[in-house]
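Below you'll find the structure, written out as structure tokens, and then a few comments.
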Amino acid sequence: MKTETGLFTRKWTPGVVALRDISVDIPEFSFVSVLGPSGCGKTTLLRVAAGLIPPTSGAILIDDKPVTGPRVGSGMVFQYIGLMPWRTIEENVFFAREMQFHRPLTEAEKDKSRAFLKLVGLSGFEKSFPHQLSGGMQQRVGIARALAVEPDVLLMDEPFGALDAQTRLVLQDELLRICGEYRATVMFITHDIDEAIYLSDQVIVMSRRPGQIKFVVDVNLPKPRHEHDVRKSPEFLDLRSRLWDALRDELRETLA
Ligand SMILES: Nc1ncnc2c1ncn2[C@@H]1O[C@H](COP(=O)(O)OP(=O)(O)OP(=O)(O)O)[C@@H](O)[C@H]1O
Ligand SMILES: [Mg+2]
């Protein structure tokens with residue numbers, strides 16, 4: 001995934017430029033996290049990548065083809081999960097495919113979608129409604145719903161942002177496991193430096209608005225990571241301090 005001619009800009013209503021001169025190249029099957037202060041344009045970047053909004057100038061290319069609208073092969077996990085409360089968990093997951101096919105699913109297609117609920121550890125909850133699930137379980141439904149379209153590109157906007165610290169650690173391992181079983185190129189937005197390092201092959205730091213790429217670092221920690229104590233390794237601590245150095249001034253200026 002990359003930006004055409006290296007640059008694109010996203011401008012909203014007069015006076016607010018969300019993104020400027022963004023140029024980034026994401027290798028196939030890599031897991032890339034994006035850190036940046038609140039309001040710097042992370043969600044906007046993801047929505048442009050998903051084809052949900054067009055950039056004011058420039059382009060997003062996936063497999064060398066410009067993204068001109070919602071793309072069949074892109075799955076999105078939203079910052080606010082947005083499950084339909086009147087639909088069961090499995091019906092929420094079916095919905096992604098129904099939108100894609102513009103018709104109800106066959107029994108075989110339903111079974112295929114249910115397999116993604118199993119992949120995220122929610123077997124037995126297919127007939128439950130969203131309010132009967134914990135926040136972490138609902139977030140896993142959001143991941144299953146995104147995977148159900150069998151995406152080659154998975155765009156995740158702070159998927160664990162609203163969860164408690166312990167659930168978040170468990171879901172990070174779950175996500176690494178899922179990404180090990182299901183291969184996709186992942187763009188993951190977070191405010192958590194440790195989470196970004198733990199999950200990623202590469203971490204991007206954005207500047208305050210208008211968001212620009214400020215710092216990019218490769219994460220070469222051993223995999224599978226949950227089997228190593230990577231969070232205590234010198235490499236992890238060095239990455240954390242370099243990322244914090246890059247972020248600190250942007251956060252200070254944003255909050256000033
Ligand atoms: N639909 C919209 N109309 C006008 N301005 C918008 C719209 N969506 C976002 N913006 C503006 O674009 C800028 C970037 O917003 P965005 O949601 O991308 O930030 P973010 O980095 O995801 O922030 P956060 O970390 O708080 O989620 C903000 O200044 C925001 O006010
Ligand atoms: Mg956001």
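Ordering of the structure tokens sets the chain letters (A, B, ...), residue numbers begin anew at 1 in every chain, and ligands are numbered from 1 in the order given.
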
Near Tyr80 in chain A, within 10 Å and counting only C-alpha atoms, which residues show up once chain neighbours fewer than 3 positions away are dropped, as a tab-separated table (two decimals) with C-alpha atoms, in the first residue's frame?
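Saved as result_18.tsv:
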```
chain	number	residue	atom	x	y	z
A	77	VAL	CA	-12.27	-2.20	12.55
A	83	LEU	CA	-22.36	-3.30	16.36
A	139	GLN	CA	-14.29	-5.75	20.11
A	142	GLY	CA	-15.62	-6.14	15.34
A	157	ASP	CA	-8.61	2.24	14.29
A	158	GLU	CA	-7.74	2.06	18.00
A	159	PRO	CA	-9.56	-1.26	18.31
A	160	PHE	CA	-8.52	-1.73	21.94
A	161	GLY	CA	-8.75	1.92	22.98
A	162	ALA	CA	-11.81	1.55	25.20
```

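The list of residues with at least one atom within 10 Å of Lys214 in chain A, based on only C-alpha atoms and without residues fewer than 6 positions apart in the same chain, reads A:Ile22, A:Gly36, A:Ile204, A:Val205, A:Met206, A:Ser207, A:Arg208, A:Ala246, A:Leu247, A:Glu250.
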
Residues from last step as file, N, CA and C atoms, as an mmCIF file, in the first residue's frame:
```cif
data_model
loop_
_atom_site.group_PDB
_atom_site.id
_atom_site.type_symbol
_atom_site.label_atom_id
_atom_site.label_comp_id
_atom_site.auth_asym_id
_atom_site.auth_seq_id
_atom_site.Cartn_x
_atom_site.Cartn_y
_atom_site.Cartn_z
ATOM 1 N N ILE A 22 1.492 13.387 3.064
ATOM 2 C CA ILE A 22 1.706 12.048 3.643
ATOM 3 C C ILE A 22 2.265 11.132 2.560
ATOM 4 N N GLY A 36 0.237 8.956 17.075
ATOM 5 C CA GLY A 36 0.199 10.408 16.830
ATOM 6 C C GLY A 36 -0.767 11.061 17.789
ATOM 7 N N ILE A 204 4.966 3.988 12.762
ATOM 8 C CA ILE A 204 5.017 5.327 12.169
ATOM 9 C C ILE A 204 4.530 6.321 13.221
ATOM 10 N N VAL A 205 5.256 7.418 13.391
ATOM 11 C CA VAL A 205 4.793 8.489 14.275
ATOM 12 C C VAL A 205 4.371 9.666 13.416
ATOM 13 N N MET A 206 3.144 10.149 13.646
ATOM 14 C CA MET A 206 2.662 11.319 12.915
ATOM 15 C C MET A 206 2.833 12.578 13.757
ATOM 16 N N SER A 207 3.020 13.684 13.071
ATOM 17 C CA SER A 207 3.125 14.976 13.755
ATOM 18 C C SER A 207 1.731 15.470 14.100
ATOM 19 N N ARG A 208 1.663 16.534 14.882
ATOM 20 C CA ARG A 208 0.365 17.149 15.160
ATOM 21 C C ARG A 208 -0.224 17.683 13.854
ATOM 22 N N ALA A 246 10.039 10.977 19.852
ATOM 23 C CA ALA A 246 9.414 11.530 18.637
ATOM 24 C C ALA A 246 8.020 12.092 18.930
ATOM 25 N N LEU A 247 7.327 11.462 19.882
ATOM 26 C CA LEU A 247 5.928 11.840 20.150
ATOM 27 C C LEU A 247 5.781 13.002 21.127
ATOM 28 N N GLU A 250 5.154 16.585 20.042
ATOM 29 C CA GLU A 250 3.886 16.713 19.311
ATOM 30 C C GLU A 250 2.720 16.743 20.304
#
```

Can you tell me which residues surround range 110-124 of chain A at a distance of at most 6 Å, considering only C-alpha atoms, apart from same-chain residues fewer than 4 positions away, and format the answer as an MDAnalysis selection string?
chainID A and resid 140 144 148

Using only C-alpha atoms, determine which residues lie at most 12 Å from Arg177 in chain A, disregarding the query and same-chain residues fewer than 6 positions distant; provide the list as a VMD selection string.
chain A and resid 119 to 121 170 to 171 183 199 223 to 227

Could you find all residues in range 37-224 of chain A that DSSP calls strand (DSSP E or B) from the backbone, and write them as number ranges by chain?
A: 57, 60-62, 65-66, 74-77, 153-157, 185-189, 202-206, 211, 213-218

Please find the residues contacting ligand 2 at a distance of at most 10 Å between atoms, with only C-alpha atoms and all ligand atoms counted, and report them as a CSV table (one decimal) with C-alpha atoms, in the first residue's frame.
```csv
chain,number,residue,atom,x,y,z
A,36,GLY,CA,0.2,10.4,16.8
A,37,PRO,CA,-1.5,13.0,19.0
A,38,SER,CA,-5.2,13.3,19.1
A,39,GLY,CA,-6.7,15.1,16.1
A,40,CYS,CA,-3.5,14.7,14.0
A,41,GLY,CA,-5.4,12.8,11.3
A,42,LYS,CA,-4.9,9.1,12.1
A,43,THR,CA,-8.6,8.2,11.6
A,44,THR,CA,-8.7,10.4,8.5
A,45,LEU,CA,-5.7,8.6,7.0
A,46,LEU,CA,-7.3,5.2,7.7
A,47,ARG,CA,-10.6,6.3,6.2
A,78,PHE,CA,-13.7,1.1,13.7
A,79,GLN,CA,-12.6,3.3,16.7
A,80,TYR,CA,-16.2,3.0,18.0
A,157,ASP,CA,-8.6,2.2,14.3
A,158,GLU,CA,-7.7,2.1,18.0
A,189,ILE,CA,-3.9,3.0,14.9
A,190,THR,CA,-3.1,3.3,18.5
A,191,HIS,CA,-2.1,5.8,21.3
```

Asp245 in chain A proximity check over A:Phe94, A:Ile193, A:Ile26, A:Arg209, using only C-alpha atoms: winner is A:Ile193

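Here the question is which of A:Ala49, A:Leu61, A:Val24, A:Val93 gets nearest to ligand 1 using only C-alpha atoms and all ligand atoms, and that residue is A:Ala49.
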
Counting only C-alpha atoms, closest pick from A:Glu98, A:Glu107, A:Glu195, A:Glu28 relative to Val72 in chain A is A:Glu98
